[in-house]
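Okay, start.cif is below, mmCIF, C-alpha atoms:
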```cif
data_structure
loop_
_atom_site.label_atom_id
_atom_site.label_comp_id
_atom_site.auth_asym_id
_atom_site.auth_seq_id
_atom_site.Cartn_x
_atom_site.Cartn_y
_atom_site.Cartn_z
CA MET A 280 -61.24 66.35 60.03
CA ALA A 281 -62.25 66.55 56.40
CA LYS A 282 -58.74 66.88 54.98
CA ASN A 283 -55.25 66.49 56.33
CA GLU A 284 -53.92 69.66 57.91
CA ILE A 285 -50.91 69.40 55.66
CA ASN A 286 -51.48 67.77 52.35
CA TYR A 287 -49.14 64.82 52.46
CA GLN A 288 -49.57 64.01 48.79
CA GLU A 289 -48.89 67.55 47.61
CA LEU A 290 -45.76 67.86 49.74
CA SER A 291 -44.58 64.43 48.67
CA ASN A 292 -45.02 65.36 45.00
CA GLU A 293 -43.21 68.67 45.56
CA LEU A 294 -40.30 66.75 47.10
CA ASP A 295 -40.10 64.44 44.08
CA ILE A 296 -40.00 67.38 41.65
CA LEU A 297 -37.46 69.19 43.84
CA LEU A 298 -35.18 66.13 43.92
CA ALA A 299 -35.26 65.85 40.15
CA LYS A 300 -34.25 69.52 39.82
CA LEU A 301 -31.53 69.15 42.42
CA GLN A 302 -30.17 66.21 40.46
CA ASP A 303 -30.19 68.15 37.21
CA PRO A 304 -26.64 69.30 36.29
CA ALA A 305 -28.18 72.38 34.65
CA THR A 306 -29.39 73.69 38.03
CA ASN A 307 -27.17 76.55 39.19
CA LEU A 308 -25.76 76.76 42.70
CA ASP A 309 -28.12 79.47 43.95
CA ASP A 310 -31.16 77.47 42.87
CA ALA A 311 -29.64 74.25 44.22
CA MET A 312 -29.17 75.90 47.63
CA SER A 313 -32.80 77.12 47.68
CA LEU A 314 -34.05 73.69 46.58
CA TYR A 315 -31.97 72.02 49.26
CA LYS A 316 -33.32 74.28 52.00
CA ARG A 317 -36.91 73.76 50.86
CA GLY A 318 -36.29 70.00 50.66
CA ARG A 319 -35.12 69.93 54.28
CA VAL A 320 -38.26 71.80 55.37
CA ILE A 321 -40.54 69.42 53.45
CA ILE A 322 -38.80 66.33 54.83
CA LYS A 323 -39.15 67.65 58.37
CA GLU A 324 -42.83 68.45 57.85
CA LEU A 325 -43.52 65.02 56.37
CA GLU A 326 -41.68 63.25 59.19
CA THR A 327 -43.57 65.22 61.84
CA TYR A 328 -46.85 64.52 60.08
CA LEU A 329 -46.15 60.80 59.82
CA LYS A 330 -45.18 60.57 63.48
CA GLN A 331 -48.06 62.62 64.86
CA ALA A 332 -51.09 62.28 62.57
CA GLU A 333 -53.86 60.05 63.85
CA ASN A 334 -56.91 58.64 62.16
CA THR A 335 -60.41 59.61 63.16
CA VAL A 336 -63.34 57.22 63.03
CA ARG A 337 -66.97 58.22 62.87
CA THR A 338 -70.07 56.16 62.34
CA LEU A 339 -72.15 57.22 59.40
CA SER A 340 -75.58 56.07 60.65
CA ALA A 341 -75.20 58.14 63.82
CA GLU A 342 -75.14 61.38 61.83
CA LYS A 343 -78.38 62.96 60.79
CA ALA A 344 -76.80 65.07 58.13
CA GLU A 345 -75.59 62.04 56.27
CA SER A 346 -78.70 59.86 56.71
CA MET B 1025 -121.43 24.97 70.15
CA THR B 1026 -119.07 22.37 71.63
CA MET B 1027 -115.47 21.69 70.65
CA ASN B 1028 -116.58 18.68 68.61
CA ASP B 1029 -119.23 20.51 66.62
CA PRO B 1030 -118.14 21.19 63.03
CA LEU B 1031 -117.52 24.82 62.05
CA ILE B 1032 -120.02 26.15 59.59
CA VAL B 1033 -118.71 29.16 57.58
CA GLY B 1034 -118.83 30.67 54.11
CA VAL B 1035 -115.92 30.02 51.66
CA SER B 1036 -114.37 33.49 51.94
CA GLU B 1037 -114.81 33.42 55.66
CA PHE B 1038 -113.08 30.04 55.78
CA VAL B 1039 -110.17 31.35 53.72
CA ASP B 1040 -109.81 34.34 56.04
CA LEU B 1041 -110.07 32.13 59.10
CA LEU B 1042 -107.47 29.74 57.78
CA ASN B 1043 -105.10 32.57 56.89
CA GLN B 1044 -105.50 34.01 60.38
CA THR B 1045 -104.74 30.60 61.85
CA LEU B 1046 -101.74 30.13 59.59
CA GLU B 1047 -100.47 33.60 60.35
CA PHE B 1048 -100.78 32.93 64.06
CA ALA B 1049 -99.20 29.48 63.93
CA TYR B 1050 -96.51 30.23 61.26
CA PRO B 1051 -95.90 33.94 60.93
CA SER B 1052 -92.85 32.95 58.97
CA VAL B 1053 -91.39 29.57 58.13
CA ILE B 1054 -88.10 28.48 56.58
CA ILE B 1055 -88.40 25.51 54.29
CA ILE B 1056 -85.49 23.61 52.80
CA GLY B 1057 -86.02 21.61 49.64
CA GLU B 1058 -85.04 20.95 46.05
CA LEU B 1059 -86.11 23.51 43.50
CA SER B 1060 -88.41 22.32 40.76
CA ASP B 1061 -90.70 23.80 38.14
CA PHE B 1062 -89.02 27.19 38.46
CA LYS B 1063 -90.62 29.90 36.30
CA ILE B 1064 -90.30 33.64 35.88
CA SER B 1065 -93.38 35.46 34.61
CA LYS B 1066 -93.35 38.88 32.95
CA GLN B 1067 -89.80 39.38 34.27
CA LYS B 1068 -91.31 40.18 37.63
CA TRP B 1069 -93.04 37.21 39.28
CA ILE B 1070 -91.46 33.94 40.23
CA TYR B 1071 -93.16 30.59 40.79
CA PHE B 1072 -91.52 27.40 41.95
CA ASP B 1073 -91.94 24.26 44.02
CA LEU B 1074 -89.72 22.94 46.76
CA LYS B 1075 -89.83 19.21 47.06
CA ASP B 1076 -88.39 16.23 48.85
CA ASN B 1077 -88.99 12.52 48.37
CA GLN B 1078 -92.54 12.62 49.62
CA ALA B 1079 -93.95 16.08 49.15
CA LYS B 1080 -93.80 19.36 47.31
CA VAL B 1081 -95.13 22.84 48.04
CA ARG B 1082 -95.75 25.85 45.82
CA PHE B 1083 -94.04 29.20 46.31
CA PHE B 1084 -94.74 32.64 44.90
CA GLY B 1085 -92.48 35.71 44.96
CA THR B 1086 -90.82 38.43 42.90
CA VAL B 1087 -87.54 38.49 41.00
CA TYR B 1088 -86.14 40.85 43.67
CA HIS B 1089 -86.06 37.87 46.02
CA LEU B 1090 -83.73 35.91 43.73
CA PRO B 1091 -80.15 35.54 44.96
CA GLY B 1092 -79.11 35.15 41.30
CA PRO B 1093 -79.98 32.87 38.42
CA LEU B 1094 -81.51 29.58 39.59
CA LYS B 1095 -82.19 26.24 37.95
CA ASP B 1096 -84.18 23.18 38.93
CA GLY B 1097 -82.33 20.74 41.14
CA LEU B 1098 -80.70 23.34 43.40
CA MET B 1099 -81.32 23.06 47.12
CA LEU B 1100 -82.92 26.20 48.52
CA LYS B 1101 -83.62 27.55 51.96
CA VAL B 1102 -86.68 29.76 51.58
CA ARG B 1103 -88.28 31.95 54.22
CA ALA B 1104 -91.94 32.46 53.42
CA ILE B 1105 -95.42 33.07 54.81
CA PRO B 1106 -98.01 30.30 54.23
CA HIS B 1107 -101.04 31.68 52.55
CA LEU B 1108 -104.29 30.42 51.10
CA HIS B 1109 -105.22 32.49 48.10
CA PRO B 1110 -108.99 32.85 47.61
CA GLN B 1111 -108.66 32.02 43.86
CA TYR B 1112 -105.39 30.12 43.35
CA GLY B 1113 -105.19 28.03 46.48
CA PHE B 1114 -102.34 27.36 48.85
CA SER B 1115 -98.85 28.74 48.34
CA LEU B 1116 -96.01 30.21 50.33
CA ASN B 1117 -95.26 33.91 49.79
CA VAL B 1118 -91.51 34.28 49.52
CA GLN B 1119 -89.69 36.63 51.86
CA HIS B 1120 -86.13 35.48 51.27
CA ILE B 1121 -84.34 32.87 49.18
CA ALA B 1122 -80.94 31.44 50.04
CA LEU B 1123 -79.09 28.49 48.64
CA SER B 1124 -78.64 25.50 50.86
CA GLY B 1125 -75.68 23.16 50.92
CA GLU B 1126 -72.21 23.65 49.53
CA GLY B 1127 -73.00 21.98 46.21
CA SER B 1128 -75.97 24.20 45.44
CA ILE B 1129 -74.22 27.34 46.61
CA LYS B 1130 -71.34 26.59 44.27
CA GLN B 1131 -73.61 25.68 41.36
CA ALA B 1132 -75.68 28.84 41.73
CA SER B 1133 -72.58 30.91 42.15
CA GLU B 1134 -71.17 29.49 38.91
CA LEU B 1135 -74.43 30.27 37.08
CA LEU B 1136 -74.34 33.88 38.30
CA LYS B 1137 -70.64 34.20 37.65
CA ALA B 1138 -71.10 33.12 34.03
CA GLN B 1139 -73.91 35.63 33.59
CA LEU B 1140 -72.04 38.56 35.16
CA LEU B 1141 -68.86 37.63 33.33
CA ALA B 1142 -70.77 37.77 30.05
CA GLU B 1143 -72.04 41.21 31.03
CA GLY B 1144 -68.44 42.35 31.55
CA LEU B 1145 -68.85 43.11 35.26
CA PHE B 1146 -65.50 41.55 36.14
CA ALA B 1147 -63.57 42.97 33.17
CA LEU B 1148 -60.08 44.25 33.95
CA GLU B 1149 -60.76 47.44 31.98
CA ARG B 1150 -63.34 48.39 34.60
CA LYS B 1151 -60.84 48.24 37.44
CA ARG B 1152 -59.82 51.60 38.86
CA THR B 1153 -56.66 52.35 40.76
CA LEU B 1154 -57.28 53.08 44.43
CA PRO B 1155 -55.94 56.36 45.78
CA TYR B 1156 -52.74 55.67 47.72
CA PRO B 1157 -53.01 56.63 50.48
CA PRO B 1158 -56.63 57.84 50.64
CA ASP B 1159 -57.70 60.78 52.79
CA ARG B 1160 -61.12 59.35 53.57
CA ILE B 1161 -62.17 55.72 53.78
CA GLY B 1162 -65.76 54.50 53.73
CA LEU B 1163 -65.80 51.27 55.74
CA ILE B 1164 -68.65 48.81 55.42
CA THR B 1165 -68.45 46.08 58.03
CA SER B 1166 -69.76 45.03 61.40
CA ALA B 1167 -68.44 47.19 64.25
CA GLU B 1168 -68.50 44.14 66.51
CA SER B 1169 -66.46 41.98 64.17
CA ALA B 1170 -62.82 40.97 64.43
CA ALA B 1171 -62.53 42.18 60.83
CA TYR B 1172 -63.29 45.73 61.97
CA SER B 1173 -60.76 45.73 64.81
CA ASP B 1174 -58.10 44.00 62.67
CA PHE B 1175 -58.56 46.49 59.85
CA LEU B 1176 -58.42 49.51 62.16
CA LYS B 1177 -55.43 48.18 64.07
CA ILE B 1178 -53.33 47.71 60.93
CA VAL B 1179 -54.47 50.97 59.32
CA ASN B 1180 -53.62 52.93 62.51
CA GLN B 1181 -50.24 51.23 62.76
CA ARG B 1182 -49.35 52.04 59.18
CA TRP B 1183 -50.78 55.47 58.44
CA GLY B 1184 -52.40 58.51 60.05
CA GLY B 1185 -54.40 61.63 59.29
CA MET B 1186 -57.24 59.82 57.57
CA GLU B 1187 -60.93 59.97 58.25
CA ILE B 1188 -62.57 56.56 58.49
CA ILE B 1189 -66.32 56.60 58.12
CA LEU B 1190 -67.93 53.42 59.36
CA ASN B 1191 -71.25 52.17 58.12
CA ASN B 1192 -72.05 49.47 60.62
CA VAL B 1193 -73.81 46.55 58.90
CA GLN B 1194 -74.40 42.88 59.42
CA VAL B 1195 -72.04 40.83 57.31
CA GLN B 1196 -73.93 37.58 57.31
CA GLY B 1197 -77.50 36.45 57.27
CA GLU B 1198 -80.48 37.76 55.36
CA PRO B 1199 -80.46 41.41 56.49
CA ALA B 1200 -76.80 41.76 55.48
CA ILE B 1201 -77.64 41.91 51.76
CA ASP B 1202 -79.97 44.85 52.07
CA GLN B 1203 -77.77 46.63 54.60
CA ILE B 1204 -74.62 46.34 52.49
CA ILE B 1205 -76.41 47.55 49.36
CA LYS B 1206 -77.87 50.51 51.29
CA ALA B 1207 -74.47 51.34 52.77
CA ILE B 1208 -72.86 51.40 49.31
CA THR B 1209 -75.68 53.60 48.01
CA LYS B 1210 -75.43 55.93 51.02
CA PHE B 1211 -71.70 56.45 50.61
CA ASN B 1212 -72.16 57.09 46.89
CA GLN B 1213 -74.84 59.68 47.59
CA MET B 1214 -72.76 61.68 50.07
CA ALA B 1215 -72.02 65.27 49.07
CA GLU B 1216 -68.36 64.59 49.85
CA PRO B 1217 -67.99 60.87 49.25
CA PRO B 1218 -64.97 59.02 50.64
CA ASP B 1219 -62.02 58.27 48.33
CA VAL B 1220 -62.45 54.52 48.65
CA LEU B 1221 -64.99 52.00 49.94
CA VAL B 1222 -63.76 49.02 51.93
CA ILE B 1223 -66.20 46.15 52.36
CA THR B 1224 -64.84 43.52 54.66
CA ARG B 1225 -65.54 40.59 56.93
CA GLY B 1226 -63.57 37.73 58.41
CA GLY B 1227 -63.74 34.13 57.32
CA GLY B 1228 -66.75 31.91 57.79
CA SER B 1229 -68.61 28.93 56.44
CA ILE B 1230 -69.63 28.88 52.80
CA ASP B 1231 -73.17 29.55 54.02
CA ASP B 1232 -72.04 32.66 55.95
CA LEU B 1233 -70.23 34.03 52.93
CA GLN B 1234 -73.17 33.50 50.56
CA ILE B 1235 -74.16 37.15 50.67
CA PHE B 1236 -70.91 38.04 48.90
CA ASN B 1237 -72.06 35.89 45.99
CA HIS B 1238 -75.47 37.55 45.90
CA GLU B 1239 -76.33 39.14 42.58
CA LEU B 1240 -77.53 42.46 44.00
CA VAL B 1241 -74.54 42.85 46.32
CA THR B 1242 -72.20 42.06 43.43
CA ARG B 1243 -73.96 44.52 41.10
CA SER B 1244 -73.99 47.19 43.77
CA ILE B 1245 -70.21 46.90 44.23
CA ALA B 1246 -69.65 46.94 40.47
CA GLY B 1247 -71.88 50.01 40.16
CA SER B 1248 -70.19 52.06 42.89
CA ARG B 1249 -68.85 55.41 41.69
CA ILE B 1250 -66.37 55.27 44.56
CA PRO B 1251 -63.53 52.78 43.95
CA THR B 1252 -63.98 49.60 45.98
CA LEU B 1253 -61.80 47.20 47.91
CA VAL B 1254 -63.44 43.98 49.03
CA ALA B 1255 -61.73 41.76 51.58
CA ILE B 1256 -63.37 38.54 52.65
CA GLY B 1257 -61.28 36.40 54.93
CA HIS B 1258 -61.35 33.09 53.20
CA GLU B 1259 -58.75 31.01 51.51
CA GLN B 1260 -60.63 29.14 48.82
CA ASP B 1261 -62.97 30.41 46.10
CA VAL B 1262 -63.00 34.11 45.37
CA SER B 1263 -66.47 35.57 45.88
CA LEU B 1264 -68.32 37.40 43.13
CA ALA B 1265 -68.26 40.59 45.22
CA GLU B 1266 -64.46 40.42 45.19
CA LEU B 1267 -64.42 39.82 41.43
CA ALA B 1268 -66.60 42.89 40.91
CA ALA B 1269 -64.46 45.10 43.17
CA ASP B 1270 -61.69 47.31 41.85
CA GLN B 1271 -59.30 45.49 44.15
CA ARG B 1272 -59.56 42.48 46.44
CA ALA B 1273 -57.64 41.56 49.54
CA SER B 1274 -57.33 38.17 51.22
CA THR B 1275 -58.14 39.39 54.76
CA PRO B 1276 -59.21 42.61 56.52
CA SER B 1277 -55.59 43.11 57.63
CA ASN B 1278 -54.40 42.60 54.07
CA ALA B 1279 -56.94 45.23 52.96
CA ALA B 1280 -55.35 47.72 55.35
CA GLU B 1281 -51.88 46.84 54.03
CA LEU B 1282 -52.94 47.36 50.42
CA LEU B 1283 -54.75 50.59 51.19
CA VAL B 1284 -52.03 52.59 52.91
CA PRO B 1285 -48.23 52.60 52.97
CA ASP B 1286 -46.30 51.83 56.15
CA LYS B 1287 -45.16 55.11 57.70
CA LYS B 1288 -42.06 53.40 59.13
CA ASN B 1289 -40.88 52.67 55.58
CA ILE B 1290 -41.72 56.17 54.44
CA ILE B 1291 -39.79 57.72 57.35
CA SER B 1292 -36.78 55.54 56.44
CA GLN B 1293 -37.16 56.63 52.81
CA LEU B 1294 -37.27 60.28 53.90
CA LYS B 1295 -33.99 59.80 55.77
CA MET B 1296 -32.49 58.34 52.61
CA THR B 1297 -33.91 61.22 50.58
CA SER B 1298 -32.28 63.64 52.99
CA GLN B 1299 -28.93 61.91 52.44
CA GLN B 1300 -29.53 61.95 48.71
CA MET B 1301 -30.11 65.69 48.82
CA ASN B 1302 -26.79 66.13 50.61
CA THR B 1303 -25.12 64.03 47.93
CA TYR B 1304 -26.73 66.01 45.11
CA LEU B 1305 -25.74 69.35 46.63
CA ASN B 1306 -22.19 68.16 47.31
CA HIS B 1307 -21.98 66.92 43.78
CA THR B 1308 -23.08 70.34 42.48
CA LEU B 1309 -20.48 72.02 44.69
CA GLN B 1310 -17.77 69.60 43.58
CA MET B 1311 -18.63 70.24 39.96
CA LEU B 1312 -18.43 73.98 40.52
CA LYS B 1313 -15.09 73.63 42.32
CA LEU B 1314 -13.84 71.60 39.42
CA ASN B 1315 -15.04 74.28 37.05
CA VAL B 1316 -13.28 76.99 39.07
CA THR B 1317 -10.02 74.99 39.00
CA GLU B 1318 -10.42 74.57 35.26
CA TYR B 1319 -11.03 78.30 34.79
CA LYS B 1320 -7.98 79.06 36.89
CA LYS B 1321 -5.87 76.73 34.80
CA TYR B 1322 -7.27 78.20 31.65
CA LEU B 1323 -6.58 81.72 32.81
CA GLN B 1324 -3.05 80.83 33.87
CA THR B 1325 -2.34 79.15 30.57
CA GLY B 1326 -3.82 82.13 28.75
CA ILE B 1327 -1.73 84.61 30.68
CA SER B 1328 1.46 82.56 30.20
CA GLN B 1329 0.79 82.37 26.48
CA ASN B 1330 0.23 86.09 26.32
CA ILE B 1331 3.39 86.80 28.24
CA THR B 1332 5.44 84.56 25.96
CA GLN B 1333 3.91 86.25 22.96
CA TYR B 1334 4.73 89.67 24.31
CA ARG B 1335 8.23 88.52 25.20
CA ASN B 1336 8.80 87.27 21.69
CA TYR B 1337 7.43 90.46 20.26
CA LEU B 1338 9.67 92.49 22.53
CA GLN B 1339 12.70 90.39 21.62
CA ASN B 1340 11.94 90.89 17.97
CA ARG B 1341 11.67 94.63 18.35
CA SER B 1342 14.70 94.70 20.52
CA GLU B 1343 16.68 92.99 17.79
CA LYS B 1344 15.37 95.42 15.24
CA MET B 1345 16.31 98.30 17.54
CA ASN B 1346 19.76 96.88 17.90
CA LEU B 1347 20.12 96.77 14.17
CA LEU B 1348 19.11 100.38 13.95
CA ASP B 1349 21.30 101.55 16.88
CA PRO B 1350 23.58 104.35 15.48
CA GLN B 1351 26.34 103.12 17.79
CA ALA B 1352 26.24 99.78 16.00
CA ILE B 1353 26.48 101.55 12.65
CA LEU B 1354 29.47 103.59 13.88
CA SER B 1355 31.18 100.32 14.88
CA ARG B 1356 30.99 99.26 11.29
CA GLY B 1357 33.27 102.28 10.29
CA TYR B 1358 30.79 105.07 9.76
CA ALA B 1359 31.06 108.49 11.51
CA ILE B 1360 28.61 111.32 12.27
CA VAL B 1361 29.59 114.90 11.60
CA TYR B 1362 28.16 117.65 13.84
CA ARG B 1363 28.44 121.37 13.50
CA GLN B 1364 27.23 123.27 16.48
CA LYS B 1365 25.52 120.00 17.70
CA LEU B 1366 23.54 119.61 14.52
CA ILE B 1367 24.13 116.66 12.22
CA ILE B 1368 25.38 117.75 8.83
CA ARG B 1369 24.41 115.30 6.12
CA ARG B 1370 25.80 116.95 2.89
CA ALA B 1371 29.24 118.28 1.91
CA SER B 1372 27.64 121.29 0.31
CA GLU B 1373 26.40 122.41 3.72
CA PHE B 1374 30.00 122.96 4.95
CA GLY B 1375 31.93 126.14 4.58
CA LYS B 1376 35.68 126.61 4.71
CA GLN B 1377 37.05 126.95 8.28
CA ASP B 1378 33.86 125.50 9.83
CA LEU B 1379 34.52 124.00 13.24
CA ILE B 1380 33.14 120.50 13.23
CA ASN B 1381 32.90 117.54 15.56
CA VAL B 1382 33.24 114.02 14.13
CA GLN B 1383 31.83 111.17 16.24
CA PHE B 1384 33.24 107.61 15.94
CA SER B 1385 32.17 104.49 17.73
CA ASP B 1386 34.87 104.85 20.35
CA GLY B 1387 34.99 108.69 20.66
CA SER B 1388 35.05 111.91 18.68
CA ILE B 1389 37.41 114.50 17.25
CA GLU B 1390 37.16 118.19 16.65
CA ALA B 1391 38.34 119.47 13.27
CA THR B 1392 38.37 122.45 10.94
CA VAL B 1393 37.19 122.29 7.29
CA ASN B 1394 40.09 123.08 4.94
CA LYS B 1395 38.34 122.64 1.70
CA VAL B 1396 34.85 121.78 0.49
CA ILE B 1397 34.78 119.45 -2.48
CA THR B 1398 31.57 118.85 -4.33
CA PRO B 1399 31.18 117.42 -7.80
#
```
Spit out the file's structure as structure tokens when you get a sec.
Amino acid sequence: MAKNEINYQELSNELDILLAKLQDPATNLDDAMSLYKRGRVIIKELETYLKQAENTVRTLSAEKAES
Amino acid sequence: MTMNDPLIVGVSEFVDLLNQTLEFAYPSVIIIGELSDFKISKQKWIYFDLKDNQAKVRFFGTVYHLPGPLKDGLMLKVRAIPHLHPQYGFSLNVQHIALSGEGSIKQASELLKAQLLAEGLFALERKRTLPYPPDRIGLITSAESAAYSDFLKIVNQRWGGMEIILNNVQVQGEPAIDQIIKAITKFNQMAEPPDVLVITRGGGSIDDLQIFNHELVTRSIAGSRIPTLVAIGHEQDVSLAELAADQRASTPSNAAELLVPDKKNIISQLKMTSQQMNTYLNHTLQMLKLNVTEYKKYLQTGISQNITQYRNYLQNRSEKMNLLDPQAILSRGYAIVYRQKLIIRRASEFGKQDLINVQFSDGSIEATVNKVITP
């Protein structure tokens, strides 16, 4: 697995930005509702990822392509 | 020819014969002794003696064999091949040089440290921040070591979804130096290099850990394009390899802890974030409700004000109307004269015997005009 199936860092950053907007008094209710829904989705995805993702280990010298 | 008969050979033949004998008897020998008469020639060749109280022997090698800067008086452990040179006589051809004894190891390490420090290899400005958490880790350690299993155990406990690429190397002894340097080079040459290199081993004697004070290992770590984390499990002096790394950790487990966050903490934080989001949204809703109440109040106040204004206006007009009410005027003693239901305003409009109706405030009378008087 070259990269994570979901990009943890990208989602985490998106959540940070979303929280800041949600906290902003200038955000109107419609936007706040959309942000809230998206936030719930991100949190669920991150939680699932953290609970399920496993590390893979490979040995470099065993691979011809890398040697 | 019997065993006791002397061997009769030419000089070159004797040299060859002796070298063959030496090679057979001592294909490689490790000699421990005090360094003396150490010289570097043309920045490439090294010459030195190792000596003890009774004897000394000459060695020959290249600068690539040096573990770092050396000075006379240090105790060395040198692996070499005995050799009789046809022109320059007997010497030992160096294969590997290591320092021997805690005192010498420390002295040599200090010499190298001073040199590398002066070159700026350990400068804080060179330190890069490690990606947190990384997607791909290049791991340089021994697959059989406790360091490897400790590191993996903690990393797997704390974080997932990463690719760990192991370059299995020895982490002590002579071959370790070359293997570690090659592993660093190999990772750096990968088309898709890992995000971070972790070089680790568990604790050991000062002799075991010497390779992490080796000049070439230290330079290789400092020269890595990939950020480095070096974790050597020892409590006392920090090795030069650790000083050259972007970050150091005290043990392999500590390296894993520094490298990735703990998912348990992150999951707890996410739960808190979820609660925070609820709070933020509720706050927005509360604010809006408050605004609606304010608008309502404002509207009500506005309407009330308008109504009062209109009432006042109406009252005012009503009073004016009252003033202008003909009935009110009649009450003050005036009368209206009609002829055939039309109001007659001038005396000159009357004719004698006209039938008229005169309206008072409380009623009316009918009358006939007897005489019209005009000035």
(request) Point out the residue among B:Asn1192, B:Asn1330, B:Gln1299, B:Gln1339 with the least atom-to-atom distance to chain A, counting all atoms listed in the file. (result)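 Using all atoms listed in the file, chain A sits closest to B:Asn1192.
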(message) Can you tell me which residues surround A:Leu290 at a distance of at most 12 Å, considering all atoms listed in the file, apart from same-chain residues fewer than 4 positions away, and format the answer as a ChimeraX atom specification?
(response) /A:283-286,294-297,317-326,328
(message) Expand the PyMOL selection byres ((chain B and resi 1251-1268) around 6) into the explicit residue set it covers here, and present it as a ChimeraX atom specification.
(response) /B:1146,1220-1227,1236-1237,1242,1246,1250,1269-1276
Where is the centre and how long are the edges: axis-aligned box on stretch 1036-1042 of chain B, 6 Å on each side, Å to one decimal, as JSON:
```
{"center_x": -111.1, "center_y": 32.0, "center_z": 55.5, "size_x": 19.3, "size_y": 16.6, "size_z": 19.2}
```
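Within 6 Å of chain B, chain A contributes the residues Asn283, Gln302, Ala332, Glu333, Asn334, Thr335, Val336, Arg337, Thr338 and Leu339 of chain A, using all atoms listed in the file.
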(request) Report as a ChimeraX atom specification the full result of the PyMOL selection byres ((chain B and resi 1080) around 12) when it is applied to this structure. (result) /B:1055-1061,1072-1079,1081-1083,1114-1116
(request) Have a look at atom CA of B:Phe1374 and atom CA of B:Val1393 and let me know their distance in Å, one decimal. (result)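 Going from atom CA of B:Phe1374 over to atom CA of B:Val1393, I get 7.6 Å.
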(request) Excluding stretch 1194-1205 of chain B and any residue of its chain fewer than 2 positions from it, enumerate the residues within 7 Å of it, using all atoms listed in the file, and give them as number ranges by chain. (result) B: 1165-1166, 1207-1209, 1225, 1232-1233, 1235, 1241, 1244
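Compared by their closest atoms to B:Ala1280, and using only C-alpha atoms, the residues B:Ala1171, B:Met1099, B:Ile1380, B:Val1316 rank with B:Ala1171 nearest.
As for atom CA of B:Leu1140 and atom CA of B:Tyr1071, they are spaced 23.3 Å apart.
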(request) For atom CA of B:Ile1230 and atom CA of B:Ile1245, determine how far apart the two atoms are, in Å to one decimal place. (result) 20.0 Å
Would you kindly place N, CA and C atoms on stretch 305-317 of chain A and return the model as a tab-separated table (two decimals), in the frame of the given file?
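Output file selection.tsv is given in full below:
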```
chain	number	residue	atom	x	y	z
A	305	ALA	N	-27.95	71.03	35.15
A	305	ALA	CA	-28.18	72.38	34.65
A	305	ALA	C	-28.60	73.36	35.75
A	306	THR	N	-28.96	72.81	36.93
A	306	THR	CA	-29.39	73.69	38.03
A	306	THR	C	-28.20	74.44	38.60
A	307	ASN	N	-28.31	75.78	38.67
A	307	ASN	CA	-27.17	76.55	39.19
A	307	ASN	C	-27.11	76.46	40.72
A	308	LEU	N	-26.00	76.94	41.26
A	308	LEU	CA	-25.76	76.76	42.70
A	308	LEU	C	-26.79	77.49	43.56
A	309	ASP	N	-27.14	78.72	43.16
A	309	ASP	CA	-28.12	79.47	43.95
A	309	ASP	C	-29.45	78.71	44.04
A	310	ASP	N	-29.90	78.23	42.89
A	310	ASP	CA	-31.16	77.47	42.87
A	310	ASP	C	-31.01	76.18	43.68
A	311	ALA	N	-29.88	75.51	43.51
A	311	ALA	CA	-29.64	74.25	44.22
A	311	ALA	C	-29.70	74.48	45.73
A	312	MET	N	-29.14	75.60	46.19
A	312	MET	CA	-29.17	75.90	47.63
A	312	MET	C	-30.61	76.12	48.10
A	313	SER	N	-31.39	76.88	47.32
A	313	SER	CA	-32.80	77.12	47.68
A	313	SER	C	-33.58	75.81	47.71
A	314	LEU	N	-33.36	74.98	46.67
A	314	LEU	CA	-34.05	73.69	46.58
A	314	LEU	C	-33.70	72.82	47.79
A	315	TYR	N	-32.44	72.84	48.13
A	315	TYR	CA	-31.97	72.02	49.26
A	315	TYR	C	-32.65	72.45	50.56
A	316	LYS	N	-32.69	73.77	50.77
A	316	LYS	CA	-33.32	74.28	52.00
A	316	LYS	C	-34.79	73.91	52.05
A	317	ARG	N	-35.48	74.09	50.91
A	317	ARG	CA	-36.91	73.76	50.86
A	317	ARG	C	-37.11	72.25	51.08
```
